[in-house]
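What follows is one structure encoded as structure tokens, with my remarks underneath.
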2 protein chains.
Amino acid sequence: MIAHTPEPPYTAVIFTSLRRKESGDYEAVARRMLALAEGQPGYLGAESVRDAEGWGITVSYWRDEACARAWGAVAEHREAQRMGRESFYACYALRVATVARQDGHGASL
Amino acid sequence: MIAHTPEPPYTAVIFTSLRRKESGDYEAVARRMLALAEGQPGYLGAESVRDAEGWGITVSYWRDEACARAWGAVAEHREAQRMGRESFYACYALRVATVARQDGHGASL
């Protein structure tokens, strides 16, 4: 599950969220979004963890910020974002960052 | 638990790991490292999630890369890193990034 990212620089989108207990279509939408992201230009991989309380951090990696921004603007993704705000998440933070260096242990980056 | 970060730019350290099942002092060391980080110059906050399988993502936020690097070089933290490699984690990835933009919903960044 550790993403096999290339030599920096590349872009990381850090999404931290608290999922609501009743969030209906969440699982199906989340799976669909991951599949859709994988087909986008510049997608490099993603890492995602959610705990039993509903807190989650997903980091997706992109060739550059333009690719990350383009993914954010995809119509079906925009609709999922709207569902996220309105029903899936109690709160979230989204941060877009440029990775400058990376290191790993027991994982091939 | 969403970190109250300032206006970008600032530095994010993304640590993705798989914890071993038997990892002895892990909880105590992790708590101590969080407390120690909070007292470091330039510490802005952190977000951390670990799931039932042992996968975790912790993102710590710093005023700049020099502050993040200084934290990485603190002697007690170096010792914890050694324990991490030798016993706590089956694998991990560490990425240092500069946050360029952020957005939130239901959370004050």
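Residues are named by chain letter and number: chains run A, B, ... in the order of the structure tokens, numbers start at 1 in each chain, and ligands are numbered from 1 in the order shown.
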At a cut-off of 10 Å, can you tabulate as CSV every residue of chain B near chain A together with its closest atom pair and the distance in Å to one decimal, using only C-alpha atoms and ordering rows by chain then number?
residue,atom,partner,partner_atom,distance
B:Met1,CA,A:Trp55,CA,8.7
B:Ile2,CA,A:Ala93,CA,7.0
B:Ala3,CA,A:Ala93,CA,8.6
B:His4,CA,A:Ala93,CA,9.7
B:Pro8,CA,A:Arg95,CA,9.3
B:Pro9,CA,A:Ala97,CA,8.9
B:Tyr10,CA,A:Ala97,CA,9.2
B:Thr11,CA,A:Ala97,CA,8.3
B:Ala12,CA,A:Ala97,CA,7.7
B:Val13,CA,A:Val99,CA,9.2
B:Ile14,CA,A:Val59,CA,8.7
B:Phe15,CA,A:Gly104,CA,9.5
B:Thr16,CA,A:Ile2,CA,7.1
B:Ser17,CA,A:Ile2,CA,7.9
B:Leu18,CA,A:Ile2,CA,9.0
B:Glu47,CA,A:Thr16,CA,7.7
B:Ser48,CA,A:Ile57,CA,7.7
B:Val49,CA,A:Asp51,CA,6.2
B:Arg50,CA,A:Asp51,CA,5.8
B:Asp51,CA,A:Asp51,CA,4.6
B:Ala52,CA,A:Asp51,CA,7.0
B:Glu53,CA,A:Val49,CA,9.7
B:Gly54,CA,A:Val49,CA,9.4
B:Trp55,CA,A:Val49,CA,6.6
B:Gly56,CA,A:Val49,CA,6.2
B:Ile57,CA,A:Ile57,CA,6.6
B:Thr58,CA,A:Ile57,CA,8.2
B:Val59,CA,A:Ile14,CA,8.7
B:Glu65,CA,A:Ala100,CA,9.5
B:Gly84,CA,A:His105,CA,9.7
B:Arg85,CA,A:His105,CA,7.0
B:Tyr89,CA,A:His105,CA,8.7
B:Ala90,CA,A:Gly106,CA,6.6
B:Cys91,CA,A:Gly106,CA,4.4
B:Tyr92,CA,A:His105,CA,5.3
B:Ala93,CA,A:Gly104,CA,4.2
B:Leu94,CA,A:Asp103,CA,5.2
B:Arg95,CA,A:Gln102,CA,4.3
B:Val96,CA,A:Arg101,CA,5.4
B:Ala97,CA,A:Val99,CA,3.9
B:Thr98,CA,A:Ala97,CA,5.0
B:Val99,CA,A:Ala97,CA,3.9
B:Ala100,CA,A:Ala97,CA,5.4
B:Arg101,CA,A:Val96,CA,5.4
B:Gln102,CA,A:Arg95,CA,4.3
B:Asp103,CA,A:Leu94,CA,5.2
B:Gly104,CA,A:Ala93,CA,4.3
B:His105,CA,A:Cys91,CA,5.3
B:Gly106,CA,A:Cys91,CA,4.4
B:Ala107,CA,A:Cys91,CA,5.7
B:Ser108,CA,A:Ala93,CA,8.7
B:Leu109,CA,A:Ala93,CA,7.5
Which of range 10-104 of chain B fall in helix (DSSP H, G or I), as an MDAnalysis selection string: chainID B and resid 26:38 65:72 75:88
Keeping only N, CA and C atoms, take the residues you just selected and write them out as an mmCIF file, in the first residue's frame.
data_model
loop_
_atom_site.group_PDB
_atom_site.id
_atom_site.type_symbol
_atom_site.label_atom_id
_atom_site.label_comp_id
_atom_site.auth_asym_id
_atom_site.auth_seq_id
_atom_site.Cartn_x
_atom_site.Cartn_y
_atom_site.Cartn_z
ATOM 1 N N TYR B 26 6.094 0.447 21.569
ATOM 2 C CA TYR B 26 5.653 1.396 20.556
ATOM 3 C C TYR B 26 4.781 2.514 21.106
ATOM 4 N N GLU B 27 3.724 2.152 21.852
ATOM 5 C CA GLU B 27 2.772 3.166 22.318
ATOM 6 C C GLU B 27 3.462 4.229 23.165
ATOM 7 N N ALA B 28 4.287 3.794 24.085
ATOM 8 C CA ALA B 28 4.970 4.747 24.969
ATOM 9 C C ALA B 28 5.921 5.641 24.173
ATOM 10 N N VAL B 29 6.650 5.039 23.245
ATOM 11 C CA VAL B 29 7.596 5.827 22.445
ATOM 12 C C VAL B 29 6.840 6.814 21.554
ATOM 13 N N ALA B 30 5.739 6.362 20.964
ATOM 14 C CA ALA B 30 4.960 7.235 20.084
ATOM 15 C C ALA B 30 4.407 8.431 20.861
ATOM 16 N N ARG B 31 3.895 8.162 22.054
ATOM 17 C CA ARG B 31 3.368 9.270 22.882
ATOM 18 C C ARG B 31 4.477 10.252 23.246
ATOM 19 N N ARG B 32 5.623 9.707 23.624
ATOM 20 C CA ARG B 32 6.759 10.546 24.006
ATOM 21 C C ARG B 32 7.225 11.394 22.819
ATOM 22 N N MET B 33 7.256 10.797 21.636
ATOM 23 C CA MET B 33 7.709 11.543 20.452
ATOM 24 C C MET B 33 6.738 12.666 20.103
ATOM 25 N N LEU B 34 5.440 12.412 20.267
ATOM 26 C CA LEU B 34 4.455 13.461 19.985
ATOM 27 C C LEU B 34 4.645 14.626 20.953
ATOM 28 N N ALA B 35 4.825 14.294 22.240
ATOM 29 C CA ALA B 35 5.025 15.346 23.242
ATOM 30 C C ALA B 35 6.312 16.127 22.964
ATOM 31 N N LEU B 36 7.339 15.402 22.553
ATOM 32 C CA LEU B 36 8.624 16.041 22.268
ATOM 33 C C LEU B 36 8.509 16.944 21.028
ATOM 34 N N ALA B 37 7.818 16.453 20.006
ATOM 35 C CA ALA B 37 7.626 17.244 18.772
ATOM 36 C C ALA B 37 6.915 18.556 19.087
ATOM 37 N N GLU B 38 5.904 18.477 19.952
ATOM 38 C CA GLU B 38 5.108 19.669 20.277
ATOM 39 C C GLU B 38 5.958 20.785 20.873
ATOM 40 N N GLU B 65 11.161 23.812 6.184
ATOM 41 C CA GLU B 65 11.863 22.540 6.082
ATOM 42 C C GLU B 65 13.009 22.449 7.085
ATOM 43 N N ALA B 66 13.639 23.582 7.403
ATOM 44 C CA ALA B 66 14.736 23.562 8.381
ATOM 45 C C ALA B 66 14.226 23.072 9.741
ATOM 46 N N CYS B 67 13.039 23.515 10.140
ATOM 47 C CA CYS B 67 12.455 23.066 11.420
ATOM 48 C C CYS B 67 12.168 21.564 11.383
ATOM 49 N N ALA B 68 11.627 21.099 10.262
ATOM 50 C CA ALA B 68 11.333 19.665 10.138
ATOM 51 C C ALA B 68 12.626 18.853 10.202
ATOM 52 N N ARG B 69 13.658 19.366 9.550
ATOM 53 C CA ARG B 69 14.941 18.677 9.527
ATOM 54 C C ARG B 69 15.566 18.652 10.928
ATOM 55 N N ALA B 70 15.437 19.766 11.652
ATOM 56 C CA ALA B 70 15.990 19.853 13.009
ATOM 57 C C ALA B 70 15.309 18.836 13.929
ATOM 58 N N TRP B 71 13.992 18.695 13.771
ATOM 59 C CA TRP B 71 13.265 17.693 14.557
ATOM 60 C C TRP B 71 13.767 16.289 14.224
ATOM 61 N N GLY B 72 14.025 16.037 12.966
ATOM 62 C CA GLY B 72 14.533 14.723 12.564
ATOM 63 C C GLY B 72 15.891 14.408 13.159
ATOM 64 N N ALA B 75 18.329 14.053 19.185
ATOM 65 C CA ALA B 75 18.932 12.775 19.584
ATOM 66 C C ALA B 75 17.903 11.731 20.023
ATOM 67 N N GLU B 76 16.966 12.140 20.872
ATOM 68 C CA GLU B 76 15.982 11.173 21.364
ATOM 69 C C GLU B 76 15.076 10.698 20.218
ATOM 70 N N HIS B 77 14.839 11.584 19.266
ATOM 71 C CA HIS B 77 14.042 11.214 18.101
ATOM 72 C C HIS B 77 14.833 10.262 17.195
ATOM 73 N N ARG B 78 16.139 10.489 17.070
ATOM 74 C CA ARG B 78 16.993 9.592 16.280
ATOM 75 C C ARG B 78 16.945 8.171 16.851
ATOM 76 N N GLU B 79 16.954 8.099 18.171
ATOM 77 C CA GLU B 79 16.895 6.800 18.826
ATOM 78 C C GLU B 79 15.541 6.128 18.546
ATOM 79 N N ALA B 80 14.464 6.916 18.581
ATOM 80 C CA ALA B 80 13.135 6.366 18.269
ATOM 81 C C ALA B 80 13.075 5.908 16.812
ATOM 82 N N GLN B 81 13.721 6.659 15.926
ATOM 83 C CA GLN B 81 13.760 6.262 14.513
ATOM 84 C C GLN B 81 14.471 4.909 14.355
ATOM 85 N N ARG B 82 15.534 4.733 15.118
ATOM 86 C CA ARG B 82 16.265 3.461 15.068
ATOM 87 C C ARG B 82 15.352 2.321 15.529
ATOM 88 N N MET B 83 14.632 2.551 16.635
ATOM 89 C CA MET B 83 13.691 1.528 17.116
ATOM 90 C C MET B 83 12.618 1.272 16.068
ATOM 91 N N GLY B 84 12.185 2.312 15.407
ATOM 92 C CA GLY B 84 11.179 2.175 14.349
ATOM 93 C C GLY B 84 11.654 1.226 13.262
ATOM 94 N N ARG B 85 12.878 1.474 12.781
ATOM 95 C CA ARG B 85 13.424 0.632 11.707
ATOM 96 C C ARG B 85 13.632 -0.800 12.193
ATOM 97 N N GLU B 86 14.119 -0.937 13.424
ATOM 98 C CA GLU B 86 14.513 -2.270 13.907
ATOM 99 C C GLU B 86 13.362 -3.098 14.443
ATOM 100 N N SER B 87 12.332 -2.428 15.009
ATOM 101 C CA SER B 87 11.289 -3.261 15.610
ATOM 102 C C SER B 87 9.848 -2.802 15.415
ATOM 103 N N PHE B 88 9.572 -1.500 15.338
ATOM 104 C CA PHE B 88 8.164 -1.085 15.299
ATOM 105 C C PHE B 88 7.494 -1.308 13.943
#
Between CA of Asp64 in chain A and CA of Thr5 in chain A - distance in Å to one decimal: 12.3 Å
Residue set, chain B restricted to strand (DSSP E), as a PyMOL selection string: chain B and resi 10-19+43-50+55-62+89-105
Selected residue of minimal separation from Leu44 in chain A among A:Glu7, A:Gly24, A:Ala73, A:Arg19, counting only C-alpha atoms: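 Among the listed residues, the smallest separation from Leu44 in chain A belongs to A:Glu7.
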